[in-house]
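To start, the structure under review is shown below, and the notes come after it.
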Amino acid sequence: MVSREHKRAALHEKLQLLRSITNSHAVNKTTIIVDASKYIEELKQKVERLNQDISAAQTSNDQNPLPMVTVETLEKGFLINVFSEKNCPGLLVSLLEAFEELGLNILEARVSCTDSFRLQAVGGENEEQSESINAQVVKQAVLQAIKNWSEGTDQQE
């Protein structure tokens, strides 16, 4: 008898735990189990929606992640950093053309285009240039070059 009472008490305790976890207000065993089943289905649907949201976010990031750009003012010129997690064929040419249009002489540069794209360049203003340029103008020119490059690669695909 003790064993049967012990099992019954353990089952009752587990049903109450299940009831509290699933926020059920049911009193009898069957309804508690039905509520738990509904709760599990709701959780499955939430997981599915979250997986879809994650997948959609990754797809939109993978389709067109534009490179990050920073431009800092140096004593005589600018430090320009461009970074992308994927390689960007043709981007270097677009950036160099933008620097040339600005009248910016590249004094020193390090570029990596293997698995990712990274450009670190020190540019100085052309001394023959009448008007001076600031870091914001350089950054806007770099961003415009990236945008033009991106639109050109999108059309080729």
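Starting from 1 in every chain, residues are counted up; chains themselves are A, B, ... following the order of the structure tokens, and ligands are numbered from 1 as listed.
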
*Enumerate as a PyMOL selection string all residues of chain A assigned to strand (DSSP E) by DSSP on the backbone, naming them with the chain letters and numbers the document uses.*
chain A and resi 68-74+77-84+104-112+117-125

*For segment 87-92 of chain A, list every protein, DNA or RNA residue within 9 Å, evaluated using only C-alpha atoms, and leave out those in the same chain fewer than 6 positions away; present the list as a PyMOL selection string.*
chain A and resi 67+111-119+145-146+149-150+153

Take the residues from that selection and write them out as a PDB file, in the first residue's frame, keeping N, CA, C and O atoms.
```pdb
ATOM      1  N   PRO A  67      30.740  47.311 -46.744  1.00  0.00           N
ATOM      2  CA  PRO A  67      31.925  47.450 -45.888  1.00  0.00           C
ATOM      3  C   PRO A  67      31.784  48.602 -44.883  1.00  0.00           C
ATOM      4  O   PRO A  67      31.073  49.573 -45.133  1.00  0.00           O
ATOM      5  N   VAL A 111      46.564  46.517 -48.020  1.00  0.00           N
ATOM      6  CA  VAL A 111      45.315  45.972 -48.542  1.00  0.00           C
ATOM      7  C   VAL A 111      45.352  44.462 -48.436  1.00  0.00           C
ATOM      8  O   VAL A 111      46.368  43.832 -48.733  1.00  0.00           O
ATOM      9  N   SER A 112      44.227  43.880 -48.031  1.00  0.00           N
ATOM     10  CA  SER A 112      44.064  42.429 -48.023  1.00  0.00           C
ATOM     11  C   SER A 112      42.729  42.127 -48.688  1.00  0.00           C
ATOM     12  O   SER A 112      41.702  42.700 -48.328  1.00  0.00           O
ATOM     13  N   CYS A 113      42.761  41.223 -49.662  1.00  0.00           N
ATOM     14  CA  CYS A 113      41.539  40.899 -50.414  1.00  0.00           C
ATOM     15  C   CYS A 113      41.312  39.393 -50.482  1.00  0.00           C
ATOM     16  O   CYS A 113      40.628  38.913 -51.367  1.00  0.00           O
ATOM     17  N   THR A 114      41.876  38.617 -49.580  1.00  0.00           N
ATOM     18  CA  THR A 114      41.777  37.168 -49.673  1.00  0.00           C
ATOM     19  C   THR A 114      40.383  36.672 -49.332  1.00  0.00           C
ATOM     20  O   THR A 114      39.579  36.436 -50.217  1.00  0.00           O
ATOM     21  N   ASP A 115      40.074  36.477 -48.060  1.00  0.00           N
ATOM     22  CA  ASP A 115      38.748  36.012 -47.647  1.00  0.00           C
ATOM     23  C   ASP A 115      37.849  37.181 -47.264  1.00  0.00           C
ATOM     24  O   ASP A 115      36.641  37.081 -47.293  1.00  0.00           O
ATOM     25  N   SER A 116      38.473  38.272 -46.878  1.00  0.00           N
ATOM     26  CA  SER A 116      37.742  39.478 -46.504  1.00  0.00           C
ATOM     27  C   SER A 116      38.400  40.628 -47.253  1.00  0.00           C
ATOM     28  O   SER A 116      39.377  40.435 -47.966  1.00  0.00           O
ATOM     29  N   PHE A 117      37.847  41.809 -47.102  1.00  0.00           N
ATOM     30  CA  PHE A 117      38.464  42.984 -47.728  1.00  0.00           C
ATOM     31  C   PHE A 117      38.853  43.938 -46.627  1.00  0.00           C
ATOM     32  O   PHE A 117      38.028  44.274 -45.766  1.00  0.00           O
ATOM     33  N   ARG A 118      40.111  44.355 -46.637  1.00  0.00           N
ATOM     34  CA  ARG A 118      40.584  45.315 -45.644  1.00  0.00           C
ATOM     35  C   ARG A 118      41.543  46.281 -46.340  1.00  0.00           C
ATOM     36  O   ARG A 118      42.478  45.855 -47.009  1.00  0.00           O
ATOM     37  N   LEU A 119      41.246  47.561 -46.179  1.00  0.00           N
ATOM     38  CA  LEU A 119      42.119  48.608 -46.704  1.00  0.00           C
ATOM     39  C   LEU A 119      42.435  49.554 -45.568  1.00  0.00           C
ATOM     40  O   LEU A 119      41.528  50.019 -44.863  1.00  0.00           O
ATOM     41  N   ALA A 145      31.711  55.667 -53.333  1.00  0.00           N
ATOM     42  CA  ALA A 145      32.434  54.710 -54.177  1.00  0.00           C
ATOM     43  C   ALA A 145      31.977  53.282 -53.876  1.00  0.00           C
ATOM     44  O   ALA A 145      31.784  52.473 -54.787  1.00  0.00           O
ATOM     45  N   ILE A 146      31.764  52.979 -52.591  1.00  0.00           N
ATOM     46  CA  ILE A 146      31.282  51.647 -52.196  1.00  0.00           C
ATOM     47  C   ILE A 146      29.874  51.428 -52.735  1.00  0.00           C
ATOM     48  O   ILE A 146      29.565  50.358 -53.263  1.00  0.00           O
ATOM     49  N   TRP A 149      30.089  50.866 -56.443  1.00  0.00           N
ATOM     50  CA  TRP A 149      30.637  49.532 -56.675  1.00  0.00           C
ATOM     51  C   TRP A 149      29.583  48.475 -56.408  1.00  0.00           C
ATOM     52  O   TRP A 149      29.412  47.548 -57.184  1.00  0.00           O
ATOM     53  N   SER A 150      28.842  48.625 -55.290  1.00  0.00           N
ATOM     54  CA  SER A 150      27.822  47.668 -54.913  1.00  0.00           C
ATOM     55  C   SER A 150      26.719  47.589 -55.966  1.00  0.00           C
ATOM     56  O   SER A 150      26.277  46.497 -56.333  1.00  0.00           O
ATOM     57  N   THR A 153      28.042  45.679 -58.961  1.00  0.00           N
ATOM     58  CA  THR A 153      28.139  44.235 -58.791  1.00  0.00           C
ATOM     59  C   THR A 153      26.761  43.602 -58.735  1.00  0.00           C
ATOM     60  O   THR A 153      26.575  42.475 -59.158  1.00  0.00           O
TER      61      THR A 153
END
```

*Rank A:His12, A:Lys7, A:Thr22, A:Ala121 by their smallest atom-to-atom distance to Leu43 of chain A, using only C-alpha atoms, and report the top residue only.*
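Comparing A:His12, A:Lys7, A:Thr22, A:Ala121 against Leu43 of chain A, the winner is A:Thr22.
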
*asked:* So, with only C-alpha atoms as the atoms that count, which of A:Ala98, A:Ala141, A:Ile33, A:Val71 lies closest to Leu17 of chain A?
replied: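 Under the stated criterion, the closest residue is A:Ile33.
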
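Distance check against Tyr39 of chain A using only C-alpha atoms: of A:Asn134, A:Ser84, A:Ser20, A:Ser55, the minimum falls on A:Ser20.
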
*Give me every alpha helix (DSSP H) residue in segment 68-132 of chain A, going by DSSP on the backbone, as a list in words.*
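The residues of segment 68-132 of chain A classed as alpha helix (DSSP H) are Leu91, Leu92, Val93, Ser94, Leu95, Leu96, Glu97, Ala98, Phe99, Glu100, Glu101 and Leu102 of chain A.
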
*Mind checking which residues fall within 8 Å of Thr70 of chain A, counting only C-alpha atoms, ignoring those fewer than 4 positions away in the same chain, and posting them as a PyMOL selection string?*
chain A and resi 80-82+139
